[in-house]
Amino acid sequence: MRKKSFSVIGKPLPKIDAMAKCAGETVYADDLNLPRMIYAKLLRSPHPHARVLSIHTERARQLEGVCAVITGKDLPEKFGIMPSTQDEEALAVEKVRYAGDPVAAVAATSETLAEKALGYIDVEYETLKPILSIEEALASTEESERIHTWNRRANIQKAVSLEFGDVEGAFAQSDHIFEGTYFYQGNTHLPMEQYCAVGLYGPDDKLTVWSSTQTPHYLHRALAKVLGLPASRIRVIATPVGGGFGGKSDPFSHEICAAKLSMITRRPVKFTLTREECFYVHRGRHPVKMWMKTGVKDDGTLQAMQFKTFLDGGGYSSYGLASVYYTGALQTVTYKLPAYKFEGVRVFTNKPPCGPKRGHGAPQPRFALEIQLDEIAEKLGMDPIDLRLKQLVEPNTETVNGLKITTTGLRECIEKVAARAEWKKKFRKLPFGHGIGFAASAYISGAGLPIYWNEMPHSGVQIRLDRGGGITIFCGSTDIGQGSDSILAYVVAEEFGVDPADIRVVTADTDLTPVDLGSYSSRVTIMTGNAAIQASGKLKQMLLEVATDALEVPADDLEFADGQIRSVSLRERGMSFADCARKAEGKFGTLGATGSYWPPKNPRDFKGSGVGPTPAYTFSTAIVELHCDSGTGEIKIDKVWIAHDCGRAFNPLLVEGQTEGSVYMALGEALMEEQIFRKNGLHKFPSILEYKSPTTLETPEIETILVETDDPEGPYGAKEAGQGPLLPVVPAVSNAVYDAIGVRIHEIPISPDKIIRALEGRLKPVSIPGFQFPPPIKWQPGEGVQVTQKS
Amino acid sequence: MVVAGGTDVYPKMKRGQFTPRHLVSLRTLRELKGIRRGKEGIWIGAGETLTAISGHRLVSKQFPALAHAAESVSTPQLRNMGTIGGNVLVDTRCNYYDQTFFWRQAVGFCMKKDGDICLVAPGSAKCLAISSSDTAPVLVSLGAEAVLVGSQGERRVKLAELYQDDGMNYLTKRSDEVLRGLLIPQEALGWRNVYWKLRRRGSFDFPILGVAAALDMGNGGKCRYARVVLTAVSPAPKIVAEASRLLEGKKITTELIEAVSEAAVKVAHPLDNADLDYWYRKRMTRVYVKRALAELTGLKLETEKVVQEPVKDEKGP
């Protein structure tokens, strides 16, 4: 039964945790102060690539106030977020793989003392040649150049090749072929809250870890593995997260070391990383070099696309296996594409590991695609928006790579931004220096598969009703500021007809809450929302049963509204929610119910098919208007219009907030942010002053347009909003720069020096490394048959 | 070590760049306060905050360049604490030096702190950290004097002479001297003045190029005094001497402005130790000097053509 009207959903309500945050009363991980607490620091490698020959900790141990010192020998078990690429160590055992890789940890009675003690640890390194670029990684042949030994080919973590449809034939039938190379520079998440974790091993031999994490469940698994403790003795609590953006989705060294140091000292141990350390922990956007070839008909219809990506992965695998597939998977989701070949490779380099950042793997290919479409439209003399409108994916269809599209609001998104921005009046008509650019994109609402293979639900919700009419929701989901706690309250309030402010939400505590896989891949609203509706439904059945008896009204005439259960036809016949809950408890006993959510089954079956499917895709469009000072190369963004198909806005304030936050982050990536390194492998400027991220002064007016498509897979039709709206903004900036000053910039950040170089015709095209990809796995949509060629 | 606002001292202590055994606060010294017009000129106490300077009526009316420079330093919170004295004397900056102890140790210490060589230019005999004050170039362009007080008593020195071209010993001030205040000469009242600052963002950032210009246009249309001073292109504020020679005694034209900008480029030596490519910062010197002088004279520049110059590749470890 789909609801026709809503009492809570769609209302611009405050977040349930808003007051605490505004008043400074939210307890973040670093605010935790436990009795007898001690403080820990990590000793990090100054070398990007070196063998650890010996570590002597005796001098540090002798300092008064030092409670424990550990090294890689104490935590030899490897871990990693992906089950098949467990290549991380809490503390380096034999090798360090980037400057900043931890080698030892100290716990002491003060943070200052712990830091001082680091200077008393003697580490002997044998430095190795650092691999610092994609090209160097691909060219590595010497054993000494190898960063890891578990992978088959030196410094290649994963190379993939997939082919859908008749690519060669489709290119042959194209009237025009376009080729281009692109580079998307790496950048980091820069959340306001730095990493922090507290470990406490109690007298009951149970471990509790509080951490600023987006994925307490995966941390729980990693702790059990590395510490060798039964999972049943470990409790992970995700504290309120002061921004994550994907950077707090891996299990980390400081979390494991906090636990281990507490096991040794039997005291609570806190790690708060410095801002500098956050740049070393990283897991941010992969630098990606790309080559794209597109075949089109005279009228602009896409025939075929061939796409290659080269990902600079940094020192460890992290989410890399998924990242490399994501650079190819979603290219098919916006425009009809009959044939598509994708080849991607992720290499290891001696730099902090890259991982998921808002849009995980999708912003880079989208950058290439949307710029190339702009170029195609120009060459064919078409308006770039008209070119796209001709060939949008249709609802309830399957893409050439087998992705199932349910709803799409892409057309509406395009038409609305174009109308609001007065596109037709401005495009190619603004004076020199002023420009406007367009781009569109698609994103997933939750990964269709879990990180580790299992048949259990992706999200679980438990609801408890008490005799006072109180409702408590328990769910493993983690509020990282996006408002997922509020979403749970809104859903359950909507179902029970109560005020969300009256609901208690207990989340992200592995002892108390059923598992939710975590706040990544924009999965939380759709998955926890559906689970919460299911759990509510079970309780509502019980409540309706007692209300029917008590009120002598048939169940189908009863509604939950205004804190009551009442007759729809005879409004005065009703009872309070609390009365009803008491009666129900009298009849059924203690009231509680659970709900679970599994995404739809993935229809695809080839290797790599796990990346791309989702319950529902979202669509975004952006128009960027800017002006460029051709004397200085400086760009000023005048305005951004952004439209996002979110399925349904549970709370338009939160959706707009997510959308605007995405625009802001995208502009930082487009114009200035870069995670870059010196030739000796050291981060160039690991500080929030010199790593340039835009301020409010650089943030333009943003006009947000929400499009609702009521997706059948989403709770009340909702899809994601946290990541998708970032994607179109970056290429739209590049397209607008071309409209303004007539130069194409195929790489970000589009910094003023690059503009000057481009104006002088000196901006070199992005070079693409030579690399022999494996033979493709070929797959035909509809047939579900895999034609694998042995490599 | 003495400390006023502490906005540069404390972060540097955290990073181990400054390791003072004792800090002596100047915060409550009345002698360091006050902004007033006197017989000898305009007195600005070194202990006045940057917020106070930028918001002061006399300053913003007569010396908009100084008000703007003060207002362009860092963020509002830091300007509420940071003083003009601190800004005028602010430590030179370098991407190899303004880093944490861990980072500097990892890269190999530089001569400015704990090391022997300059990492920007390993062959250099002296430190090449750059002058990063916004207010210093403006005050130098206005011919200001510094009033120093020390164990030997008080002395006055041309502010320009307080600086020297060495990133480590960038001040001629003796270690026992404290900057009491700044004196802008009476005749500067009525001079046109402007400050142009290049940086990535509208807040937070230190200058990666600053152009201060002051002109006395006289009555007959002939320039009587001209001073162009650059910041962030060398260890000390850089006076473009050629600018005064070219402009003084002449009616300023766009051709003269062009010539001054060329002269400025010649003396600007940005290096790979601040934000953005150094060739870009050098090139912007021309653009900024031209624009600053155009703003002061009201002359319209022709549409700037991009000048072809070989783009060099970045150096450094």
# chains A, B, ... in the order shown; residues from 1 in each chain; ligands from 1
>>> residues_around(residues="B:Lys61", least_positions_apart="6", cutoff="10 Å", atoms="only C-alpha atoms", output="list in words")
Ala67, Leu189 and Gly190 of chain B
>>> residues_around(residues="A:Arg266", least_positions_apart="6", cutoff="9 Å", atoms="only C-alpha atoms", output="number ranges by chain")
A: 200-203
>>> closest_atom_pairs(of="chain A", to="chain B", cutoff="7 Å", atoms="only C-alpha atoms", output="JSON lines")
{"residue": "A:Pro46", "atom": "CA", "partner": "B:Ala106", "partner_atom": "CA", "distance": 4.6}
{"residue": "A:Gly631", "atom": "CA", "partner": "B:Glu304", "partner_atom": "CA", "distance": 6.1}
{"residue": "A:Thr632", "atom": "CA", "partner": "B:Met284", "partner_atom": "CA", "distance": 6.6}
{"residue": "A:Arg678", "atom": "CA", "partner": "B:Pro317", "partner_atom": "CA", "distance": 6.2}
{"residue": "A:Lys679", "atom": "CA", "partner": "B:Pro317", "partner_atom": "CA", "distance": 5.2}
{"residue": "A:Asn680", "atom": "CA", "partner": "B:Pro317", "partner_atom": "CA", "distance": 6.3}
{"residue": "A:Pro694", "atom": "CA", "partner": "B:Arg201", "partner_atom": "CA", "distance": 6.8}
{"residue": "A:Leu697", "atom": "CA", "partner": "B:Gly202", "partner_atom": "CA", "distance": 5.9}
{"residue": "A:Glu698", "atom": "CA", "partner": "B:Arg201", "partner_atom": "CA", "distance": 6.9}
{"residue": "A:Asp753", "atom": "CA", "partner": "B:Tyr280", "partner_atom": "CA", "distance": 5.9}
>>> select_by_dssp(residues="stretch 88-244 of chain B", states="alpha helix (DSSP H)", output="ChimeraX atom specification")
/B:88,101-107,135-141,159-162,241-244
>>> write_last_selection(atoms="N, CA and C atoms", output="JSON list (two decimals), in the first residue's frame")
[["chain", "number", "residue", "atom", "x", "y", "z"],
["B", 88, "VAL", "N", 53.63, 43.41, 10.55],
["B", 88, "VAL", "CA", 54.77, 44.07, 9.93],
["B", 88, "VAL", "C", 56.05, 43.24, 10.14],
["B", 101, "PHE", "N", 56.93, 19.43, 12.56],
["B", 101, "PHE", "CA", 58.24, 18.86, 12.85],
["B", 101, "PHE", "C", 58.43, 17.55, 12.08],
["B", 102, "PHE", "N", 57.40, 16.70, 12.10],
["B", 102, "PHE", "CA", 57.48, 15.41, 11.40],
["B", 102, "PHE", "C", 57.81, 15.62, 9.92],
["B", 103, "TRP", "N", 57.08, 16.54, 9.31],
["B", 103, "TRP", "CA", 57.25, 16.78, 7.87],
["B", 103, "TRP", "C", 58.65, 17.30, 7.58],
["B", 104, "ARG", "N", 59.09, 18.27, 8.40],
["B", 104, "ARG", "CA", 60.40, 18.87, 8.14],
["B", 104, "ARG", "C", 61.52, 17.85, 8.36],
["B", 105, "GLN", "N", 61.29, 17.00, 9.34],
["B", 105, "GLN", "CA", 62.27, 15.95, 9.58],
["B", 105, "GLN", "C", 62.30, 14.98, 8.39],
["B", 106, "ALA", "N", 61.10, 14.66, 7.89],
["B", 106, "ALA", "CA", 61.01, 13.70, 6.79],
["B", 106, "ALA", "C", 61.65, 14.26, 5.53],
["B", 107, "VAL", "N", 61.46, 15.55, 5.27],
["B", 107, "VAL", "CA", 61.99, 16.12, 4.03],
["B", 107, "VAL", "C", 63.48, 16.43, 4.18],
["B", 135, "THR", "N", 50.61, 44.31, 5.31],
["B", 135, "THR", "CA", 50.65, 45.73, 5.66],
["B", 135, "THR", "C", 52.03, 46.34, 5.43],
["B", 136, "ALA", "N", 53.10, 45.54, 5.51],
["B", 136, "ALA", "CA", 54.45, 46.09, 5.35],
["B", 136, "ALA", "C", 54.64, 46.80, 4.00],
["B", 137, "PRO", "N", 54.28, 46.17, 2.86],
["B", 137, "PRO", "CA", 54.52, 46.87, 1.59],
["B", 137, "PRO", "C", 53.74, 48.19, 1.51],
["B", 138, "VAL", "N", 52.56, 48.22, 2.08],
["B", 138, "VAL", "CA", 51.76, 49.45, 2.05],
["B", 138, "VAL", "C", 52.46, 50.53, 2.86],
["B", 139, "LEU", "N", 52.89, 50.17, 4.07],
["B", 139, "LEU", "CA", 53.54, 51.15, 4.94],
["B", 139, "LEU", "C", 54.86, 51.63, 4.32],
["B", 140, "VAL", "N", 55.57, 50.72, 3.68],
["B", 140, "VAL", "CA", 56.81, 51.13, 3.01],
["B", 140, "VAL", "C", 56.48, 52.09, 1.87],
["B", 141, "SER", "N", 55.43, 51.80, 1.13],
["B", 141, "SER", "CA", 55.07, 52.68, 0.01],
["B", 141, "SER", "C", 54.68, 54.07, 0.50],
["B", 159, "LEU", "N", 60.94, 52.33, 7.72],
["B", 159, "LEU", "CA", 60.47, 50.94, 7.76],
["B", 159, "LEU", "C", 61.18, 50.10, 6.70],
["B", 160, "ALA", "N", 61.41, 50.69, 5.53],
["B", 160, "ALA", "CA", 62.08, 49.94, 4.46],
["B", 160, "ALA", "C", 63.43, 49.41, 4.94],
["B", 161, "GLU", "N", 64.06, 50.17, 5.84],
["B", 161, "GLU", "CA", 65.39, 49.76, 6.31],
["B", 161, "GLU", "C", 65.32, 48.73, 7.44],
["B", 162, "LEU", "N", 64.12, 48.46, 7.88],
["B", 162, "LEU", "CA", 63.96, 47.44, 8.92],
["B", 162, "LEU", "C", 64.13, 46.03, 8.33],
["B", 241, "ALA", "N", 62.47, 50.24, -7.49],
["B", 241, "ALA", "CA", 63.14, 51.55, -7.55],
["B", 241, "ALA", "C", 62.88, 52.23, -8.89],
["B", 242, "GLU", "N", 62.88, 51.43, -9.92],
["B", 242, "GLU", "CA", 62.68, 51.96, -11.26],
["B", 242, "GLU", "C", 61.32, 52.67, -11.40],
["B", 243, "ALA", "N", 60.35, 52.23, -10.63],
["B", 243, "ALA", "CA", 59.01, 52.83, -10.73],
["B", 243, "ALA", "C", 59.06, 54.30, -10.35],
["B", 244, "SER", "N", 59.77, 54.61, -9.26],
["B", 244, "SER", "CA", 59.86, 56.00, -8.82],
["B", 244, "SER", "C", 60.58, 56.83, -9.89]]
>>> atom_distance(atom1="atom CA of A:Arg235", atom2="atom CA of A:Ala493")
28.8 Å
>>> residues_around(residues="A:Glu720", least_positions_apart="5", cutoff="6 Å", atoms="only C-alpha atoms", output="PDB file with N, CA and C atoms, in the first residue's frame")
ATOM      1  N   SER A 445      21.716   4.429  -5.547  1.00  0.00           N
ATOM      2  CA  SER A 445      21.157   4.588  -4.200  1.00  0.00           C
ATOM      3  C   SER A 445      21.484   3.316  -3.430  1.00  0.00           C
ATOM      4  N   SER A 522      25.605   5.788  -0.579  1.00  0.00           N
ATOM      5  CA  SER A 522      24.292   6.450  -0.572  1.00  0.00           C
ATOM      6  C   SER A 522      23.167   5.464  -0.352  1.00  0.00           C
ATOM      7  N   CYS A 646      15.595  12.931  -6.624  1.00  0.00           N
ATOM      8  CA  CYS A 646      15.839  12.199  -5.376  1.00  0.00           C
ATOM      9  C   CYS A 646      14.718  11.201  -5.094  1.00  0.00           C
TER      10      CYS A 646
END
